[in-house]
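Shown next: model.txt, containing compact mmCIF, C-alpha atoms.
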```
# COMPACT_ATOMS: atom_id res chain seq x y z
CA MET A 1 0.00 0.00 0.00
CA ALA A 2 1.02 3.63 -0.15
CA SER A 3 2.91 5.67 2.43
CA GLN A 4 1.99 5.63 6.09
CA PRO A 5 0.24 9.06 6.23
CA THR A 6 -1.94 8.14 3.25
CA ARG A 7 -2.78 4.83 4.85
CA LEU A 8 -3.90 6.60 8.00
CA ARG A 9 -6.05 9.01 5.99
CA VAL A 10 -7.72 6.16 4.14
CA LEU A 11 -8.39 4.25 7.34
CA ALA A 12 -9.84 7.35 9.02
CA LEU A 13 -12.08 7.93 6.00
CA TYR A 14 -13.26 4.34 6.07
CA LYS A 15 -14.08 4.49 9.78
CA GLU A 16 -15.95 7.76 9.33
CA LEU A 17 -17.98 6.42 6.39
CA HIS A 18 -18.70 3.20 8.25
CA ARG A 19 -20.07 5.14 11.20
CA LEU A 20 -22.19 7.32 8.90
CA GLY A 21 -23.59 4.24 7.18
CA ARG A 22 -25.33 3.13 10.35
CA ASP A 23 -28.16 5.62 9.84
CA TYR A 24 -28.60 4.91 6.15
CA ASP A 25 -31.73 3.35 4.70
CA PRO A 26 -31.35 -0.42 5.40
CA SER A 27 -32.64 -1.36 1.93
CA TYR A 28 -29.36 -0.03 0.50
CA ASN A 29 -26.34 -2.10 1.51
CA PHE A 30 -24.14 0.83 2.53
CA HIS A 31 -21.53 -1.16 4.44
CA GLY A 32 -21.27 -3.80 1.74
CA LYS A 33 -20.76 -1.21 -1.00
CA LEU A 34 -18.32 0.72 1.19
CA ARG A 35 -16.16 -2.32 1.78
CA ARG A 36 -16.20 -3.37 -1.86
CA MET A 37 -15.23 0.09 -3.10
CA PHE A 38 -12.32 0.34 -0.70
CA GLU A 39 -11.15 -3.19 -1.48
CA LYS A 40 -11.33 -2.46 -5.22
CA ASN A 41 -8.79 0.34 -4.76
CA LYS A 42 -6.50 -1.34 -2.27
CA ASP A 43 -3.67 -1.98 -4.75
CA LEU A 44 -3.36 1.56 -6.06
CA THR A 45 0.19 2.89 -6.07
CA ASP A 46 -0.02 6.10 -8.11
CA GLU A 47 -0.32 9.05 -5.72
CA ALA A 48 -2.62 11.02 -8.01
CA GLU A 49 -5.01 8.10 -8.29
CA ILE A 50 -5.00 7.51 -4.54
CA GLU A 51 -5.73 11.19 -4.00
CA LYS A 52 -8.62 11.00 -6.48
CA ALA A 53 -10.09 8.00 -4.68
CA ILE A 54 -9.80 9.73 -1.30
CA LYS A 55 -11.49 12.83 -2.73
CA PHE A 56 -14.32 10.66 -3.99
CA GLY A 57 -14.70 9.10 -0.56
CA GLU A 58 -14.90 12.54 1.04
CA TYR A 59 -17.46 13.57 -1.56
CA ILE A 60 -19.63 10.59 -0.61
CA LYS A 61 -19.20 11.52 3.05
CA ASN A 62 -20.40 15.09 2.44
CA GLU A 63 -23.31 13.91 0.31
CA THR A 64 -24.43 11.48 3.00
CA LEU A 65 -24.14 14.17 5.67
CA ALA A 66 -26.22 16.55 3.55
CA LEU A 67 -28.80 13.81 3.06
CA TYR A 68 -29.10 13.21 6.80
CA SER A 69 -29.31 16.95 7.55
CA LEU A 70 -32.07 17.44 5.00
CA ARG A 71 -33.99 14.40 6.13
CA LYS A 72 -33.92 15.58 9.72
CA TYR A 73 -34.71 19.21 8.88
CA ARG A 74 -37.64 18.24 6.65
CA HIS A 75 -39.08 16.00 9.33
CA LEU A 76 -38.74 18.64 12.04
CA ARG A 77 -40.17 21.33 9.81
CA ARG A 78 -43.20 19.17 9.14
CA MET A 79 -43.64 18.44 12.83
CA TYR A 80 -43.01 22.04 13.93
CA PRO A 81 -44.14 24.33 11.14
CA PRO A 82 -43.59 28.07 11.61
CA ASN A 83 -46.24 30.13 13.45
CA THR A 84 -48.44 27.40 14.86
CA LYS A 85 -48.89 28.70 18.38
CA PRO A 86 -52.57 28.65 19.43
CA ASP A 87 -54.49 31.92 19.50
CA SER A 88 -54.62 33.17 23.07
CA MET B 1 -3.59 40.36 23.91
CA ARG B 2 -5.01 42.34 26.80
CA PRO B 3 -8.29 40.97 28.12
CA SER B 4 -11.26 43.30 27.73
CA ALA B 5 -12.78 44.96 30.75
CA ALA B 6 -16.08 43.16 30.18
CA ARG B 7 -16.66 40.03 32.21
CA LEU B 8 -16.13 36.75 30.42
CA LEU B 9 -19.21 34.83 29.36
CA ASN B 10 -20.08 31.48 30.93
CA ILE B 11 -22.63 29.60 28.88
CA LEU B 12 -24.69 26.66 30.14
CA VAL B 13 -26.51 24.42 27.69
CA PRO B 14 -28.99 21.95 29.21
CA ILE B 15 -29.70 19.04 26.87
CA LYS B 16 -32.05 16.09 26.89
CA ARG B 17 -31.71 12.53 25.69
CA ALA B 18 -35.05 12.14 23.95
CA VAL B 19 -36.68 9.61 21.66
CA ASP B 20 -35.03 9.92 18.23
CA TYR B 21 -36.91 11.97 15.64
CA SER B 22 -37.08 9.09 13.16
CA VAL B 23 -38.80 6.66 15.53
CA LYS B 24 -42.48 5.87 14.96
CA ILE B 25 -44.08 6.61 18.32
CA ARG B 26 -46.19 3.79 19.76
CA VAL B 27 -48.29 3.79 22.91
CA ASN B 28 -47.11 1.17 25.39
CA PRO B 29 -49.38 -1.82 26.22
CA GLN B 30 -50.28 -0.41 29.65
CA GLN B 31 -51.51 2.83 28.00
CA THR B 32 -49.50 4.89 30.47
CA GLY B 33 -47.05 6.38 28.04
CA ILE B 34 -45.08 5.73 24.90
CA ASP B 35 -42.82 2.79 24.16
CA LEU B 36 -39.39 3.87 25.38
CA ASN B 37 -37.50 0.79 24.19
CA VAL B 38 -36.51 2.64 21.06
CA LYS B 39 -33.61 4.64 19.68
CA HIS B 40 -32.80 7.79 21.64
CA SER B 41 -30.63 10.73 20.70
CA MET B 42 -30.11 14.37 21.65
CA ASN B 43 -33.26 16.44 21.33
CA PRO B 44 -32.87 18.27 17.98
CA PHE B 45 -33.68 21.65 19.54
CA ASP B 46 -30.94 21.06 22.11
CA GLU B 47 -28.50 20.25 19.29
CA ILE B 48 -29.36 23.67 17.90
CA ALA B 49 -28.68 25.14 21.36
CA VAL B 50 -25.23 23.51 21.57
CA GLU B 51 -24.46 24.69 18.05
CA GLU B 52 -25.49 28.25 18.94
CA ALA B 53 -23.23 28.28 22.00
CA VAL B 54 -20.31 27.09 19.87
CA ARG B 55 -21.07 29.70 17.21
CA ILE B 56 -21.25 32.47 19.83
CA ARG B 57 -17.77 31.46 20.88
CA GLU B 58 -16.60 31.46 17.25
CA ARG B 59 -17.91 35.01 16.92
CA LEU B 60 -16.81 36.41 20.29
CA LYS B 61 -13.63 34.33 20.61
CA ASP B 62 -11.95 34.92 23.98
CA ALA B 63 -14.97 36.66 25.46
CA VAL B 64 -16.53 33.25 26.04
CA LYS B 65 -14.90 31.62 29.06
CA SER B 66 -16.66 28.26 29.08
CA ILE B 67 -19.44 26.25 27.47
CA LYS B 68 -20.84 23.66 29.85
CA VAL B 69 -23.50 21.15 28.92
CA VAL B 70 -25.72 19.54 31.52
CA THR B 71 -28.24 16.75 31.39
CA ILE B 72 -30.57 15.22 33.93
CA GLY B 73 -31.17 11.62 33.06
CA PRO B 74 -30.27 7.95 33.42
CA SER B 75 -26.78 6.55 32.84
CA LYS B 76 -27.27 6.36 29.05
CA SER B 77 -27.60 10.14 28.91
CA ALA B 78 -23.82 10.29 29.20
CA GLU B 79 -23.63 9.38 25.49
CA THR B 80 -25.65 12.49 24.66
CA LEU B 81 -23.19 14.55 26.71
CA ARG B 82 -20.30 13.09 24.72
CA THR B 83 -21.97 14.14 21.47
CA ALA B 84 -22.33 17.68 22.80
CA LEU B 85 -18.69 17.69 23.90
CA ALA B 86 -17.76 16.50 20.41
CA MET B 87 -19.66 19.43 18.92
CA GLY B 88 -17.54 21.87 20.89
CA ALA B 89 -18.59 22.12 24.54
CA ASP B 90 -15.75 22.24 27.08
CA SER B 91 -17.11 20.17 29.95
CA ALA B 92 -20.26 18.44 31.02
CA ILE B 93 -22.34 17.81 34.12
CA HIS B 94 -24.41 14.65 34.42
CA VAL B 95 -27.14 14.70 37.05
CA GLU B 96 -27.72 10.99 37.13
CA ILE B 97 -31.09 9.53 38.02
CA PRO B 98 -31.71 5.79 38.51
CA ASP B 99 -32.77 3.89 35.38
CA SER B 100 -35.98 2.83 37.10
CA ALA B 101 -36.98 6.36 38.10
CA PRO B 102 -39.91 7.96 36.27
CA PRO B 103 -38.94 10.61 33.70
CA PRO B 104 -38.62 13.99 35.46
CA GLU B 105 -41.05 16.79 34.76
CA PRO B 106 -40.11 20.25 33.46
CA LEU B 107 -40.52 21.87 36.87
CA GLY B 108 -38.21 19.29 38.45
CA ILE B 109 -35.69 19.85 35.67
CA ALA B 110 -35.88 23.62 36.08
CA LYS B 111 -35.28 23.30 39.84
CA ALA B 112 -32.33 20.99 39.23
CA LEU B 113 -30.89 23.43 36.70
CA ARG B 114 -31.26 26.24 39.20
CA ALA B 115 -29.31 24.20 41.73
CA VAL B 116 -26.62 23.48 39.12
CA ILE B 117 -26.34 27.17 38.26
CA GLU B 118 -26.03 28.12 41.91
CA ARG B 119 -23.21 25.61 42.30
CA GLN B 120 -21.16 27.24 39.52
CA LYS B 121 -18.49 29.29 41.29
CA GLU B 122 -17.95 31.48 38.26
CA GLY B 123 -21.65 32.02 37.69
CA VAL B 124 -23.64 31.53 34.52
CA ASP B 125 -24.45 34.41 32.16
CA LEU B 126 -26.37 32.67 29.42
CA VAL B 127 -28.48 29.53 29.41
CA ILE B 128 -29.42 28.24 25.96
CA LEU B 129 -31.75 25.27 25.61
CA GLY B 130 -34.22 23.83 23.15
CA LYS B 131 -37.71 25.29 23.07
CA GLN B 132 -39.28 21.86 23.62
CA ALA B 133 -38.40 18.19 23.69
CA ILE B 134 -39.68 16.18 20.75
CA ASP B 135 -40.91 13.35 22.92
CA ASP B 136 -43.08 15.25 25.38
CA ASP B 137 -43.45 18.63 23.61
CA ALA B 138 -43.88 20.31 27.00
CA GLY B 139 -42.01 23.51 26.10
CA GLN B 140 -41.90 24.65 29.73
CA THR B 141 -38.41 24.13 31.10
CA GLY B 142 -36.78 27.30 29.76
CA GLN B 143 -39.58 29.55 30.92
CA MET B 144 -39.79 27.90 34.34
CA LEU B 145 -36.05 28.23 34.82
CA ALA B 146 -36.13 31.93 33.98
CA GLY B 147 -38.99 32.37 36.44
CA LEU B 148 -37.20 30.50 39.23
CA MET B 149 -33.97 32.45 38.69
CA GLY B 150 -35.69 35.79 38.18
CA TRP B 151 -33.80 36.14 34.88
CA ALA B 152 -34.78 37.60 31.53
CA GLN B 153 -36.02 35.10 28.96
CA ALA B 154 -36.15 35.13 25.18
CA THR B 155 -37.97 32.11 23.80
CA PHE B 156 -38.29 30.71 20.25
CA ALA B 157 -35.11 32.52 19.27
CA SER B 158 -34.24 32.60 15.59
CA LYS B 159 -31.21 34.87 16.05
CA VAL B 160 -28.99 35.69 19.03
CA GLU B 161 -26.39 38.46 19.22
CA VAL B 162 -24.49 38.90 22.46
CA ASN B 163 -22.78 42.13 23.46
CA THR B 164 -20.47 41.29 26.35
CA ALA B 165 -19.27 44.87 26.80
CA ASP B 166 -22.78 46.14 27.64
CA LYS B 167 -23.93 42.78 29.05
CA VAL B 168 -26.96 42.64 26.79
CA ALA B 169 -28.17 40.34 24.06
CA ASN B 170 -30.35 41.14 21.04
CA VAL B 171 -32.63 38.20 20.38
CA THR B 172 -34.98 37.85 17.43
CA ARG B 173 -37.99 35.72 18.28
CA GLU B 174 -40.42 33.88 16.05
CA ILE B 175 -43.97 34.81 16.89
CA ASP B 176 -47.32 34.59 15.13
CA GLY B 177 -47.28 37.07 12.35
CA GLY B 178 -43.54 37.55 12.09
CA LEU B 179 -40.45 38.32 14.10
CA GLU B 180 -39.92 40.24 17.31
CA GLU B 181 -36.62 41.71 18.43
CA LEU B 182 -35.86 41.86 22.13
CA LYS B 183 -32.98 43.53 23.92
CA CYS B 184 -32.28 41.49 27.04
CA GLN B 185 -30.02 42.06 29.99
CA LEU B 186 -27.71 39.25 30.96
CA PRO B 187 -28.08 36.82 32.71
CA LEU B 188 -30.56 35.42 30.23
CA VAL B 189 -32.38 32.21 29.32
CA VAL B 190 -32.77 31.62 25.58
CA THR B 191 -34.81 28.80 24.06
CA THR B 192 -34.00 27.83 20.50
CA ASP B 193 -36.29 27.47 17.53
CA LEU B 194 -35.68 25.35 14.48
CA ARG B 195 -34.48 28.14 12.25
CA LEU B 196 -31.75 29.44 14.55
CA ASN B 197 -28.96 27.44 12.95
CA GLU B 198 -27.96 24.11 11.36
CA PRO B 199 -26.10 21.93 13.90
CA ARG B 200 -22.72 20.61 12.88
CA TYR B 201 -21.93 16.97 12.49
CA ALA B 202 -19.73 15.58 15.28
CA SER B 203 -16.96 13.93 13.30
CA LEU B 204 -15.19 10.83 14.56
CA PRO B 205 -11.92 12.63 15.47
CA ASN B 206 -13.94 15.13 17.54
CA ILE B 207 -15.79 12.32 19.27
CA MET B 208 -12.45 10.76 20.18
CA LYS B 209 -11.16 14.09 21.51
CA ALA B 210 -14.37 14.50 23.50
CA LYS B 211 -13.56 11.38 25.50
CA LYS B 212 -10.87 13.38 27.28
CA LYS B 213 -13.21 16.20 28.30
CA PRO B 214 -14.47 16.09 31.90
CA ILE B 215 -17.96 14.99 32.91
CA GLU B 216 -18.92 15.87 36.48
CA LYS B 217 -21.36 13.40 38.02
CA LEU B 218 -23.99 14.62 40.44
CA SER B 219 -27.19 13.24 41.92
CA ALA B 220 -30.49 14.88 42.74
CA THR B 221 -29.69 14.59 46.43
CA ASP B 222 -26.37 16.41 45.89
CA LEU B 223 -28.40 19.27 44.49
CA GLY B 224 -31.08 19.07 47.17
CA VAL B 225 -33.81 18.71 44.55
CA ASP B 226 -36.79 16.37 44.57
CA LEU B 227 -37.44 15.07 41.06
CA THR B 228 -40.58 13.07 41.89
CA PRO B 229 -43.30 13.81 39.36
CA ARG B 230 -46.22 15.86 40.64
CA LEU B 231 -48.51 14.87 37.81
CA GLU B 232 -50.01 11.46 37.33
CA THR B 233 -50.69 10.35 33.77
CA LEU B 234 -54.01 8.58 33.76
CA LYS B 235 -54.14 7.30 30.21
CA VAL B 236 -52.36 7.64 26.90
CA THR B 237 -54.10 6.51 23.73
CA GLU B 238 -53.40 6.81 20.05
CA PRO B 239 -55.39 9.37 18.07
CA PRO B 240 -58.41 7.89 16.23
CA LYS B 241 -57.40 6.21 13.01
CA ARG B 242 -58.01 8.35 9.99
CA VAL B 243 -61.05 7.09 8.12
CA GLY B 244 -60.73 7.35 4.37
CA GLY B 245 -63.06 9.63 2.46
CA GLY B 246 -65.91 8.16 0.43
CA LYS B 247 -67.05 9.12 -3.06
CA VAL B 248 -70.65 10.13 -3.74
CA GLU B 249 -72.52 9.37 -6.98
CA ASN B 250 -74.56 12.51 -7.34
CA VAL B 251 -75.66 15.74 -5.68
CA ASP B 252 -78.68 14.11 -3.93
CA GLU B 253 -76.39 11.60 -2.25
CA LEU B 254 -74.08 14.43 -1.18
CA ILE B 255 -76.99 16.30 0.43
CA ALA B 256 -78.18 13.11 2.14
CA LYS B 257 -74.70 12.48 3.56
CA LEU B 258 -74.41 16.08 4.77
CA LYS B 259 -77.78 15.78 6.51
CA GLU B 260 -76.56 12.55 8.13
CA ALA B 261 -73.54 14.37 9.46
CA GLY B 262 -75.86 16.93 11.03
CA ILE B 263 -75.13 19.81 8.72
CA THR B 264 -78.32 21.69 7.96
CA ALA B 265 -78.99 24.13 5.17
CA VAL B 266 -78.54 27.83 5.89
CA LYS B 267 -81.68 29.89 5.57
CA ALA B 268 -81.17 32.34 2.77
```

Write out the structure in this file as structure tokens.
Amino acid sequence: MASQPTRLRVLALYKELHRLGRDYDPSYNFHGKLRRMFEKNKDLTDEAEIEKAIKFGEYIKNETLALYSLRKYRHLRRMYPPNTKPDS
Amino acid sequence: MRPSAARLLNILVPIKRAVDYSVKIRVNPQQTGIDLNVKHSMNPFDEIAVEEAVRIRERLKDAVKSIKVVTIGPSKSAETLRTALAMGADSAIHVEIPDSAPPPEPLGIAKALRAVIERQKEGVDLVILGKQAIDDDAGQTGQMLAGLMGWAQATFASKVEVNTADKVANVTREIDGGLEELKCQLPLVVTTDLRLNEPRYASLPNIMKAKKKPIEKLSATDLGVDLTPRLETLKVTEPPKRVGGGKVENVDELIAKLKEAGITAVKA
């Protein structure tokens, strides 16, 4: 595998994505896909390619975070719409 | 850098471990409450409160001395404290209640918070908490706390600006028909509304760092507060199931159905 710092970055990214995957819709095999994608790239040696793969992983992380934020916000907004206090 | 003459701000953020927002609420078999054997997480409005405290520090920098989070709950509530610490709080206080104890009521919580505030040697200038908990929707704790302490309160805040030099805060509130801007003297209780901010995600490295931050453990007896509920819940039932609408064939049938429902014609 690549140099030690890169290895640490990849492992940290994997752990972060794994933890995020816990809240994902169970009908989509997040953990399975995650593992397969990382394993597919495990023999990369070219630094530029490794960097590209890491960037893609971070992109997925940000997309998932945005998805969770939106899901939560939409739910809360539905439950607590603006200006619903009863007339006194 | 020379410290400013204004006193440094100590912020307290009470949080609650509540039923998670995504859980489908079910009434328990005894009809005394809801099924609590489900996923719990930090009350979303309290997440917004923690986020606001952290953002106030990002804006005011050294003027904020400490951000403490506090929770009153069973042992599992410590996880919620760790999440808040991972979001940026400095230290936490866990007022632990036995797992078998009934969930405390807002008045009990407010009294416990008062005791916690009085224990803080450096005082508390700003208390920020969620406007209501999503599992009981009581929406009373912030107001009761302000009443007990004799402090100013600004509820349903959608914007908070603190001026440490003059010891005031400008708070914009969401009310029916628009927004209201209040100028409040510190110390102040603020309750957060949904549109105040978007809470940050507590990343894994921050969660690891949070493990080193201190959590002070206290009990209700340490605070001299009685958390026994004063209200007895007699019965909890689900709302009536929604009955689907029916289609009518013609106008006569519509009139017949309206008459059945007790709606009479208006005299012209």

> For chain B against chain A, which residues fall within 9 Å using only C-alpha atoms, given as a ChimeraX atom specification?
Replying inline: /B:21-22,44,174-178,194,198-199,201,203-205

>> Which residues are near Val124 in chain B? Cut-off 10 Å, all atoms listed in the file, ignore same chain within fewer than 4 positions. Put them as a PyMOL selection string.
In response: chain B and resi 9-12+66-68+116-120+186-188

> What is the distance between CA of Lys217 in chain B and CA of Leu148 in chain B, in Å to one decimal?
Replying inline: 23.3 Å

>> Just want the 9 Å neighbourhood of Glu238 in chain B, counted on only C-alpha atoms, with same-chain residues fewer than 2 positions away dropped. Output as a list in words.
In response: Arg26, Val27, Val236, Pro240 and Lys241 of chain B

> Skipping near chain neighbours, those fewer than 4 positions away, what residues fall within 10 Å of range 39-49 of chain A using all atoms listed in the file, listed as a ChimeraX atom specification?
Replying inline: /A:1-3,6,10,33-35,53-55

> In Å, with one decimal, what is the gap from CA of Arg59 in chain B to CA of Asp125 in chain B?
Replying inline: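 Rounded to one decimal, the two atoms are 16.6 Å apart.
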
>> Can you measure CA of Lys183 in chain B to CA of Arg195 in chain B for me? One decimal in Å is fine.
In response: 19.4 Å

>> Report as an NGL selection string all protein, DNA and RNA residues lying within 10 Å of Ile34 in chain B, evaluated on all atoms listed in the file, omitting residues in the same chain fewer than 2 positions from it.
In response: :B and (19 or 25-32 or 36-38 or 135-136 or 236-238)

Could you give me the axis-aligned bounding box of range 41-45 of chain A, with 5 Å of padding per side, as centre plus edge lengths in Å to one decimal, as lines of an AutoDock Vina configuration file?
```
center_x = -4.3
center_y = 0.5
center_z = -4.2
size_x = 19.0
size_y = 14.9
size_z = 13.8
```

> Can you tell me, as a PyMOL selection string, what residues are no more than 7 Å from range 154-160 of chain B when counting all atoms listed in the file, ignoring any on the same chain fewer than 3 positions away?
Replying inline: chain B and resi 131+169-174+189-193+195-196

Go ahead and dump the residues you just picked, C-alpha atoms, as an mmCIF file, keeping the file's coordinate frame.
```cif
data_model
loop_
_atom_site.group_PDB
_atom_site.id
_atom_site.type_symbol
_atom_site.label_atom_id
_atom_site.label_comp_id
_atom_site.auth_asym_id
_atom_site.auth_seq_id
_atom_site.Cartn_x
_atom_site.Cartn_y
_atom_site.Cartn_z
ATOM 1 C CA LYS B 131 -37.710 25.290 23.070
ATOM 2 C CA ALA B 169 -28.170 40.340 24.060
ATOM 3 C CA ASN B 170 -30.350 41.140 21.040
ATOM 4 C CA VAL B 171 -32.630 38.200 20.380
ATOM 5 C CA THR B 172 -34.980 37.850 17.430
ATOM 6 C CA ARG B 173 -37.990 35.720 18.280
ATOM 7 C CA GLU B 174 -40.420 33.880 16.050
ATOM 8 C CA VAL B 189 -32.380 32.210 29.320
ATOM 9 C CA VAL B 190 -32.770 31.620 25.580
ATOM 10 C CA THR B 191 -34.810 28.800 24.060
ATOM 11 C CA THR B 192 -34.000 27.830 20.500
ATOM 12 C CA ASP B 193 -36.290 27.470 17.530
ATOM 13 C CA ARG B 195 -34.480 28.140 12.250
ATOM 14 C CA LEU B 196 -31.750 29.440 14.550
#
```

> With all atoms listed in the file as the atoms that count, which of B:Ala133, B:Ile97, B:Ala146, B:Ala115 lies nearest to Ser41 in chain B?
Replying inline: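 The answer is B:Ala133, which sits nearest to Ser41 in chain B.
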